[in-house]
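Structure below is input-v4.txt: compact mmCIF, C-alpha atoms.
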```txt
# COMPACT_ATOMS: atom_id res chain seq x y z
CA MET A 7 9.65 6.11 -10.66
CA ALA A 8 10.92 3.17 -8.64
CA LYS A 9 9.90 -0.16 -10.17
CA TYR A 10 9.23 -1.78 -6.79
CA THR A 11 8.04 0.03 -3.68
CA LEU A 12 6.51 -0.81 -0.31
CA ALA A 13 3.65 1.31 0.98
CA SER A 14 2.92 1.44 4.71
CA TYR A 15 -0.45 1.78 6.41
CA ALA A 16 -1.91 1.85 9.90
CA VAL A 17 -4.52 -0.81 10.78
CA ARG A 18 -7.04 -0.02 13.51
CA VAL A 19 -10.48 -1.06 14.72
CA ARG A 20 -13.11 0.95 16.57
CA LYS A 21 -16.79 0.89 17.34
CA SER A 22 -19.15 2.66 14.98
CA ARG A 23 -19.85 6.27 16.00
CA GLU A 24 -16.95 6.20 18.46
CA ASP A 25 -13.50 7.73 17.98
CA ASP A 26 -11.46 5.62 20.41
CA TYR A 27 -9.50 2.74 18.88
CA LEU A 28 -9.71 -0.72 20.43
CA GLN A 29 -7.07 -3.25 21.46
CA LEU A 30 -6.29 -5.39 18.43
CA ASP A 31 -6.18 -8.74 20.24
CA ASP A 32 -9.37 -8.11 22.25
CA PHE A 33 -11.37 -5.59 20.24
CA ASP A 34 -14.77 -6.83 21.47
CA ARG A 35 -13.61 -7.43 25.08
CA SER A 36 -14.55 -11.09 24.61
CA GLY A 37 -11.29 -12.33 23.13
CA GLY A 38 -11.95 -11.14 19.59
CA ASP A 39 -8.57 -10.96 17.83
CA LEU A 40 -8.11 -9.00 14.61
CA LEU A 41 -5.16 -11.27 13.75
CA LYS A 42 -7.48 -14.30 13.72
CA GLU A 43 -9.97 -12.44 11.53
CA PHE A 44 -7.33 -11.40 9.01
CA TYR A 45 -5.83 -14.89 8.92
CA GLY A 46 -9.25 -16.47 8.38
CA TYR A 47 -9.93 -13.98 5.60
CA LEU A 48 -6.67 -14.89 3.83
CA LEU A 49 -7.41 -18.61 4.14
CA HIS A 50 -10.78 -17.95 2.54
CA LEU A 51 -9.15 -15.92 -0.27
CA ARG A 52 -6.87 -18.87 -0.91
CA GLU A 53 -9.91 -21.05 -1.54
CA ARG A 54 -12.15 -18.55 -3.35
CA PRO A 55 -10.95 -15.35 -5.08
CA PHE A 56 -12.71 -12.06 -4.47
CA GLU A 57 -14.03 -10.35 -7.57
CA ASN A 58 -15.22 -6.78 -7.92
CA GLU A 59 -17.59 -7.03 -10.87
CA GLU A 60 -18.02 -3.28 -11.22
CA LYS A 61 -14.28 -2.55 -11.46
CA GLU A 62 -13.48 -5.92 -13.10
CA ARG A 63 -10.80 -6.68 -10.52
CA SER A 64 -9.86 -9.98 -8.92
CA LEU A 65 -7.91 -10.79 -5.75
CA GLU A 66 -6.71 -14.16 -4.47
CA CYS A 67 -4.25 -15.38 -1.85
CA GLN A 68 -1.36 -17.48 -3.13
CA GLU A 69 0.31 -18.23 0.20
CA VAL A 70 0.30 -17.10 3.82
CA THR A 71 2.89 -17.73 6.55
CA GLN A 72 2.72 -17.01 10.28
CA GLU A 73 5.50 -15.22 12.17
CA HIS A 74 4.60 -14.57 15.83
CA ARG A 75 1.86 -11.93 15.52
CA ALA A 76 2.75 -11.12 11.93
CA LEU A 77 1.62 -12.53 8.59
CA ARG A 78 3.63 -12.82 5.41
CA PHE A 79 1.26 -13.28 2.52
CA LYS A 80 1.33 -13.12 -1.26
CA LEU A 81 -1.72 -11.84 -3.12
CA ALA A 82 -2.44 -12.21 -6.83
CA HIS A 83 -4.21 -9.10 -8.07
CA GLY A 84 -5.35 -8.21 -11.55
CA ALA A 85 -7.98 -7.19 -14.06
CA TYR A 86 -10.26 -8.92 -16.53
CA GLY A 87 -12.86 -7.82 -19.07
CA ALA A 88 -10.57 -6.83 -21.96
CA GLN A 89 -9.11 -8.67 -24.91
CA SER A 90 -5.41 -8.34 -25.72
CA ARG A 91 -2.51 -10.03 -27.46
CA ILE A 92 0.86 -10.93 -25.97
CA ARG A 93 3.79 -11.07 -28.39
CA GLU A 94 7.42 -12.06 -28.10
CA ARG A 95 9.61 -8.95 -28.34
CA GLN A 96 12.36 -10.33 -30.54
CA THR A 97 10.30 -12.20 -33.11
CA GLY A 98 7.04 -10.27 -32.94
CA GLN A 99 5.18 -13.58 -32.76
CA VAL A 100 1.90 -13.60 -30.83
CA VAL A 101 2.28 -16.17 -28.06
CA PHE A 102 -1.06 -15.70 -26.28
CA GLU A 103 -4.41 -14.04 -26.88
CA LYS A 104 -6.17 -12.86 -23.73
CA GLN A 105 -9.96 -13.10 -23.66
CA GLU A 106 -12.40 -11.02 -21.62
CA ASP A 107 -12.81 -13.70 -18.93
CA HIS A 108 -9.05 -14.18 -18.49
CA VAL A 109 -7.62 -12.52 -15.37
CA ASP A 110 -4.22 -10.85 -15.81
CA LEU A 111 -2.67 -11.43 -12.36
CA THR A 112 0.40 -9.96 -10.68
CA ASP A 113 1.79 -11.51 -7.48
CA LEU A 114 2.46 -8.92 -4.77
CA ARG A 115 3.92 -9.54 -1.31
CA ASN A 116 2.51 -8.12 1.90
CA TYR A 117 3.50 -7.98 5.56
CA LEU A 118 1.05 -7.39 8.40
CA ILE A 119 1.92 -7.11 12.09
CA LEU A 120 -0.78 -6.72 14.76
CA PRO A 121 0.99 -6.55 18.14
CA ALA A 122 -0.70 -7.74 21.34
CA ASN A 123 -1.91 -5.06 23.76
CA SER A 124 -1.74 -2.50 20.96
CA LYS A 125 -4.33 -0.30 19.28
CA VAL A 126 -2.49 0.03 15.99
CA GLY A 127 -0.97 -2.48 13.59
CA LEU A 128 1.19 -1.93 10.51
CA LEU A 129 0.58 -3.19 6.99
CA PHE A 130 3.19 -3.09 4.21
CA THR A 131 2.02 -3.78 0.66
CA GLU A 132 4.26 -4.23 -2.36
CA ARG A 133 3.66 -2.06 -5.42
CA PHE A 134 4.90 -2.82 -8.92
CA GLN A 135 5.33 0.26 -11.13
CA GLY A 136 2.95 2.19 -8.89
CA ASN A 137 0.19 -0.44 -8.88
CA GLY A 138 -0.80 -2.21 -5.66
CA VAL A 139 -3.51 -4.21 -3.95
CA LEU A 140 -4.64 -1.95 -1.11
CA SER A 141 -7.92 -0.76 -2.58
CA THR A 142 -9.21 -4.25 -3.39
CA LEU A 143 -7.70 -5.76 -0.24
CA ALA A 144 -9.28 -3.18 2.08
CA GLU A 145 -12.64 -3.34 0.32
CA SER A 146 -12.92 -7.13 0.51
CA PHE A 147 -11.61 -7.47 4.08
CA LYS A 148 -13.92 -4.76 5.41
CA LYS A 149 -16.84 -6.42 3.63
CA ALA A 150 -16.03 -9.76 5.27
CA PHE A 151 -15.36 -8.26 8.72
CA ASN A 152 -18.48 -6.09 8.77
CA ALA A 153 -20.69 -9.03 7.79
CA LYS A 154 -19.63 -10.84 10.98
CA HIS A 155 -18.86 -8.04 13.42
CA HIS A 156 -21.70 -5.55 13.23
CA GLY A 157 -21.07 -2.24 14.90
CA TYR A 158 -17.29 -2.25 14.38
CA VAL A 159 -15.24 -0.33 11.83
CA ILE A 160 -11.91 -1.39 10.30
CA GLU A 161 -9.55 1.41 9.27
CA ILE A 162 -6.59 0.82 6.95
CA ASN A 163 -5.21 4.30 6.43
CA ASN A 164 -2.09 6.20 5.53
CA LEU A 165 -0.19 7.14 8.67
CA THR A 166 -0.88 10.62 10.00
CA SER A 167 1.49 13.32 8.83
CA GLU A 168 2.02 14.78 12.30
CA ASP A 169 3.28 11.40 13.54
CA ALA A 170 5.78 9.88 11.14
CA PHE A 171 6.22 12.32 8.29
CA GLY A 172 7.07 15.40 10.27
CA LYS A 173 9.76 13.44 12.11
CA TYR A 174 11.15 12.02 8.87
CA LEU A 175 11.42 15.51 7.41
CA ASP A 176 13.10 16.75 10.59
CA SER A 177 15.85 14.12 10.43
CA GLY A 178 16.24 13.73 6.66
CA ARG A 179 17.55 15.66 3.67
CA LEU A 180 15.05 16.71 0.99
CA LYS A 181 16.59 15.43 -2.27
CA LYS A 182 13.87 15.56 -4.93
CA ILE A 183 10.35 16.87 -5.58
CA ARG A 184 8.10 15.42 -8.29
CA LEU A 185 4.81 17.03 -9.28
CA ILE A 186 2.47 14.68 -11.14
CA ARG A 187 -0.71 15.31 -13.12
CA GLN A 188 -2.65 12.44 -14.68
CA GLU A 189 -3.85 14.32 -17.75
CA ILE A 190 -2.21 16.87 -20.06
CA PRO A 191 -3.38 20.50 -19.62
CA GLN A 192 -5.53 21.66 -22.54
CA ASP A 193 -3.17 24.42 -23.73
CA VAL A 194 -0.16 22.07 -23.67
CA ALA A 195 -2.14 19.41 -25.56
CA ASP A 196 -3.15 21.97 -28.18
CA GLU A 197 0.48 23.00 -28.70
CA LEU A 198 1.48 19.35 -29.16
CA GLY A 199 -1.42 18.56 -31.48
CA MET A 200 -2.93 15.95 -29.14
CA GLY A 201 -6.53 14.79 -29.40
CA GLU A 202 -8.89 14.72 -26.43
CA TYR A 203 -8.44 10.97 -25.91
CA GLU A 204 -4.64 11.30 -25.87
CA ARG A 205 -4.84 14.33 -23.59
CA ARG A 206 -6.94 12.51 -20.97
CA LEU A 207 -4.73 9.41 -21.00
CA GLY A 208 -1.49 11.38 -20.88
CA LYS A 209 0.56 12.38 -17.85
CA ILE A 210 2.76 15.36 -17.12
CA GLU A 211 5.51 15.53 -14.50
CA VAL A 212 7.84 18.20 -13.19
CA VAL A 213 10.95 16.92 -11.41
CA MET A 214 13.09 19.27 -9.31
CA SER A 215 16.36 18.27 -7.65
CA PRO A 216 19.12 20.37 -6.03
CA PRO A 217 22.76 20.20 -7.10
CA ARG A 218 24.61 17.08 -6.04
CA LYS A 219 25.46 16.94 -2.31
CA PHE A 220 22.91 19.67 -1.60
CA SER A 221 19.29 19.50 -0.43
CA PHE A 222 16.16 21.66 -0.51
CA GLY A 223 14.92 23.72 2.42
CA LYS A 224 12.13 21.99 4.32
CA ARG A 225 10.33 24.65 6.37
CA LYS A 226 7.52 25.31 3.86
CA LEU A 227 6.88 21.61 3.28
CA GLN A 228 6.92 20.80 6.99
CA SER A 229 4.37 23.52 7.66
CA ALA A 230 2.07 22.40 4.84
CA ILE A 231 2.21 18.68 5.64
CA SER A 232 1.68 19.11 9.36
CA SER A 233 -1.28 21.46 8.94
CA GLY A 234 -2.74 20.31 5.63
CA ASP A 235 -3.88 23.88 4.91
CA ASP A 236 -1.40 24.70 2.15
CA VAL A 237 -1.14 21.36 0.37
CA SER A 238 -3.54 22.35 -2.42
CA SER A 239 -1.63 25.56 -3.14
CA MET A 240 1.67 23.67 -3.22
CA LEU A 241 0.28 21.40 -5.96
CA GLU A 242 0.04 24.37 -8.32
CA TRP A 243 3.19 25.24 -10.25
CA ARG A 244 3.57 27.73 -13.10
CA GLY A 245 -0.19 27.90 -13.57
CA VAL A 246 -0.64 24.10 -13.79
CA GLN A 247 -2.60 22.26 -11.07
CA TYR A 248 -1.02 18.89 -10.25
CA SER A 249 -2.76 15.99 -8.54
CA GLU A 250 0.16 14.60 -6.53
CA MET A 251 3.53 15.60 -5.11
CA LYS A 252 6.21 13.03 -4.26
CA ILE A 253 8.96 14.16 -1.91
CA LEU A 254 12.18 12.12 -1.71
CA VAL A 255 13.81 12.32 1.73
CA ASN A 256 17.19 10.73 2.44
CA ILE A 257 17.66 9.49 6.01
CA ALA A 258 21.00 7.93 6.95
CA GLY A 259 21.60 6.81 3.36
CA THR A 260 18.10 5.38 2.84
CA ASN A 261 15.45 7.05 0.71
CA ARG A 262 11.86 7.53 1.89
CA THR A 263 9.20 8.85 -0.46
CA LEU A 264 6.39 10.98 0.92
CA SER A 265 3.38 11.16 -1.39
CA VAL A 266 1.03 14.14 -0.94
CA SER A 267 -2.32 14.61 -2.68
CA SER A 268 -4.82 17.38 -2.19
CA GLY A 269 -7.33 16.49 0.52
CA THR A 270 -5.55 13.28 1.58
CA THR A 271 -3.14 12.23 4.31
CA PRO A 272 0.39 11.71 2.93
CA ALA A 273 1.44 8.13 2.20
CA MET A 274 4.86 6.74 3.09
CA LEU A 275 6.52 4.79 0.26
CA TYR A 276 9.80 2.89 0.49
CA ASP A 277 11.96 2.55 -2.62
CA ILE A 278 12.79 -1.18 -2.81
CA ASP A 279 15.24 -0.67 -5.67
CA GLU A 280 17.17 1.72 -3.41
CA GLU A 281 16.99 -0.68 -0.46
CA MET A 282 18.35 -3.50 -2.64
CA ARG A 283 21.29 -1.37 -3.73
CA LYS A 284 22.00 -0.41 -0.13
CA ASP A 285 21.96 -4.08 0.95
CA SER A 286 23.97 -5.20 -2.14
CA VAL A 287 21.08 -7.46 -3.16
CA THR A 288 20.63 -8.35 -6.83
CA ASP A 289 17.62 -10.70 -6.67
CA LEU A 290 14.30 -9.59 -5.21
CA THR A 291 13.37 -12.74 -3.29
CA ASP A 292 10.42 -13.38 -1.00
CA ASP A 293 12.66 -13.88 2.04
CA TRP A 294 14.56 -10.65 1.49
CA LEU A 295 11.46 -8.53 0.91
CA TYR A 296 9.60 -9.90 3.95
CA ALA A 297 12.70 -9.36 6.10
CA LYS A 298 12.96 -5.80 4.75
CA ALA A 299 9.28 -5.16 5.53
CA LYS A 300 9.86 -6.39 9.08
CA GLU A 301 12.91 -4.12 9.43
CA LEU A 302 10.97 -1.13 8.11
CA SER A 303 8.03 -1.88 10.41
CA GLU A 304 10.32 -1.72 13.44
CA ASP A 305 11.93 1.47 12.14
CA LEU A 306 8.50 3.03 11.67
CA ALA A 307 7.34 1.77 15.08
CA LYS A 308 10.20 3.64 16.76
CA THR A 309 9.23 6.81 14.90
CA LEU A 310 5.62 6.42 16.03
CA GLY A 311 6.56 5.68 19.65
CA MET A 312 5.44 2.03 19.48
CA SER A 313 7.25 -0.67 21.47
CA VAL A 314 9.55 -2.76 19.29
CA ASP A 315 9.84 -5.32 22.10
CA VAL A 316 6.09 -5.89 21.94
CA MET A 317 6.32 -6.38 18.16
CA ARG A 318 9.01 -9.04 18.64
CA ARG A 319 7.23 -10.94 21.41
CA ASP A 320 6.66 -14.67 20.85
CA PHE A 321 3.15 -15.81 20.04
CA THR A 322 1.79 -19.35 19.82
CA TRP A 323 -0.84 -19.68 17.14
CA PRO A 324 -3.99 -21.53 18.31
CA GLU A 325 -4.39 -24.67 16.21
CA VAL A 326 -8.08 -23.97 15.76
CA TRP A 327 -7.29 -20.79 13.81
CA GLY A 328 -6.18 -22.96 10.89
CA HIS A 329 -9.79 -24.15 10.49
CA TYR A 330 -11.35 -20.70 10.74
CA ARG A 331 -12.60 -18.87 7.65
CA LEU A 332 -13.79 -15.28 7.38
CA GLU A 333 -15.78 -15.32 4.16
CA VAL A 334 -16.37 -12.36 1.89
CA PRO A 335 -20.15 -12.39 1.36
CA ILE A 336 -21.42 -12.64 -2.18
CA ASP A 337 -23.47 -9.62 -3.23
CA GLN A 338 -26.89 -10.83 -4.34
CA ASN A 339 -26.85 -8.17 -7.05
CA ASP A 340 -23.66 -9.54 -8.63
```
Can you present the structure in this file as structure tokens?
Amino acid sequence: MAKYTLASYAVRVRKSREDDYLQLDDFDRSGGDLLKEFYGYLLHLRERPFENEEKERSLECQEVTQEHRALRFKLAHGAYGAQSRIRERQTGQVVFEKQEDHVDLTDLRNYLILPANSKVGLLFTERFQGNGVLSTLAESFKKAFNAKHHGYVIEINNLTSEDAFGKYLDSGRLKKIRLIRQEIPQDVADELGMGEYERRLGKIEVVMSPPRKFSFGKRKLQSAISSGDDVSSMLEWRGVQYSEMKILVNIAGTNRTLSVSSGTTPAMLYDIDEEMRKDSVTDLTDDWLYAKAKELSEDLAKTLGMSVDVMRRDFTWPEVWGHYRLEVPIDQND
């Protein structure tokens, strides 16, 4: 598994009970701009963290920077509610004891672009060892947006397979398939002498790769991903039902990872470790990652038929937006 990845999502807004998506910079036909709403939400998160009491998760904004109609922002995301000890590896000395009300935060970078005159924006979120911020980010932003804009729905979804993923498979070489299951099958656990607790917390993976300089055939995968009908059957291998399949596709020397789960739209993941090697970069800096997210957004826009020129168009931020806040309402039951 790549240590650092970027996951890409489509951002849209529509009216409740309607299927047609609305223009991002005038979604209410009265000058309502989703970019202003998202910026005001991030400014609010910078002043007051969002906490999900049920899941014991916290989210706060560390910094946010404007770039035409794009936002570069760093979110601190983490959990609380458990005690733990942190020790120094070499000496074994305990250097900190975490209490239940301490939040264990990880800083993750994000890039959002909401072009003018467009009905779809792109969001890239950083993941560290498979963990990201999307669930908490989407939950809190939708909660804030819906409290102010009744009758509208925000969608932050994986991109549709028939748009980007089919085209990536067409042009790329299929280099690796990983099947992942988040708990050990009972018969395997019995053979290994594992208890029920260990079995449920365990994970099993099957990794298949062709000989060097070769690639897998793609016809079966293309058919399954474009239709969705055969995805569940493809997640079964040698009598074991897996929960996820990750497909590594190499396109012009760059790896793209397509993640497929039963009943879900595939997610596009970008291997940042691979991108760093390709760019001969040794330090993962903010500037490099944001620039890479911008590059990937334009690459993805071309695949989806979006105008790159529109994405690059200059935009002057209204000064008043700096004073606007989109607050996440506090649940009275919390």
Separation of atom CA of Phe151 of chain A from atom CA of Ala307 of chain A, in Å and rounded to one decimal: 25.6 Å
Just the number, please: distance in Å from atom CA of Arg187 of chain A to atom CA of Thr142 of chain A, one decimal. 23.4 Å
Distance atom CA of Leu295 of chain A-atom CA of Lys181 of chain A, one decimal place?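 So the answer is 24.7 Å.
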Between A:Ile119, A:Val212, A:Met200, A:Leu207, smallest distance to Glu301 of chain A by all atoms listed in the file belongs to A:Ile119
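Nearest to Met282 of chain A of all the residues A:Arg78, A:Thr11, A:Gln105, A:Ala195 is A:Thr11, counting all atoms listed in the file.
The closest residue to Ala297 of chain A, picked from A:Glu73, A:Glu145, A:Glu197, A:Glu161 and counting only C-alpha atoms, is A:Glu73.
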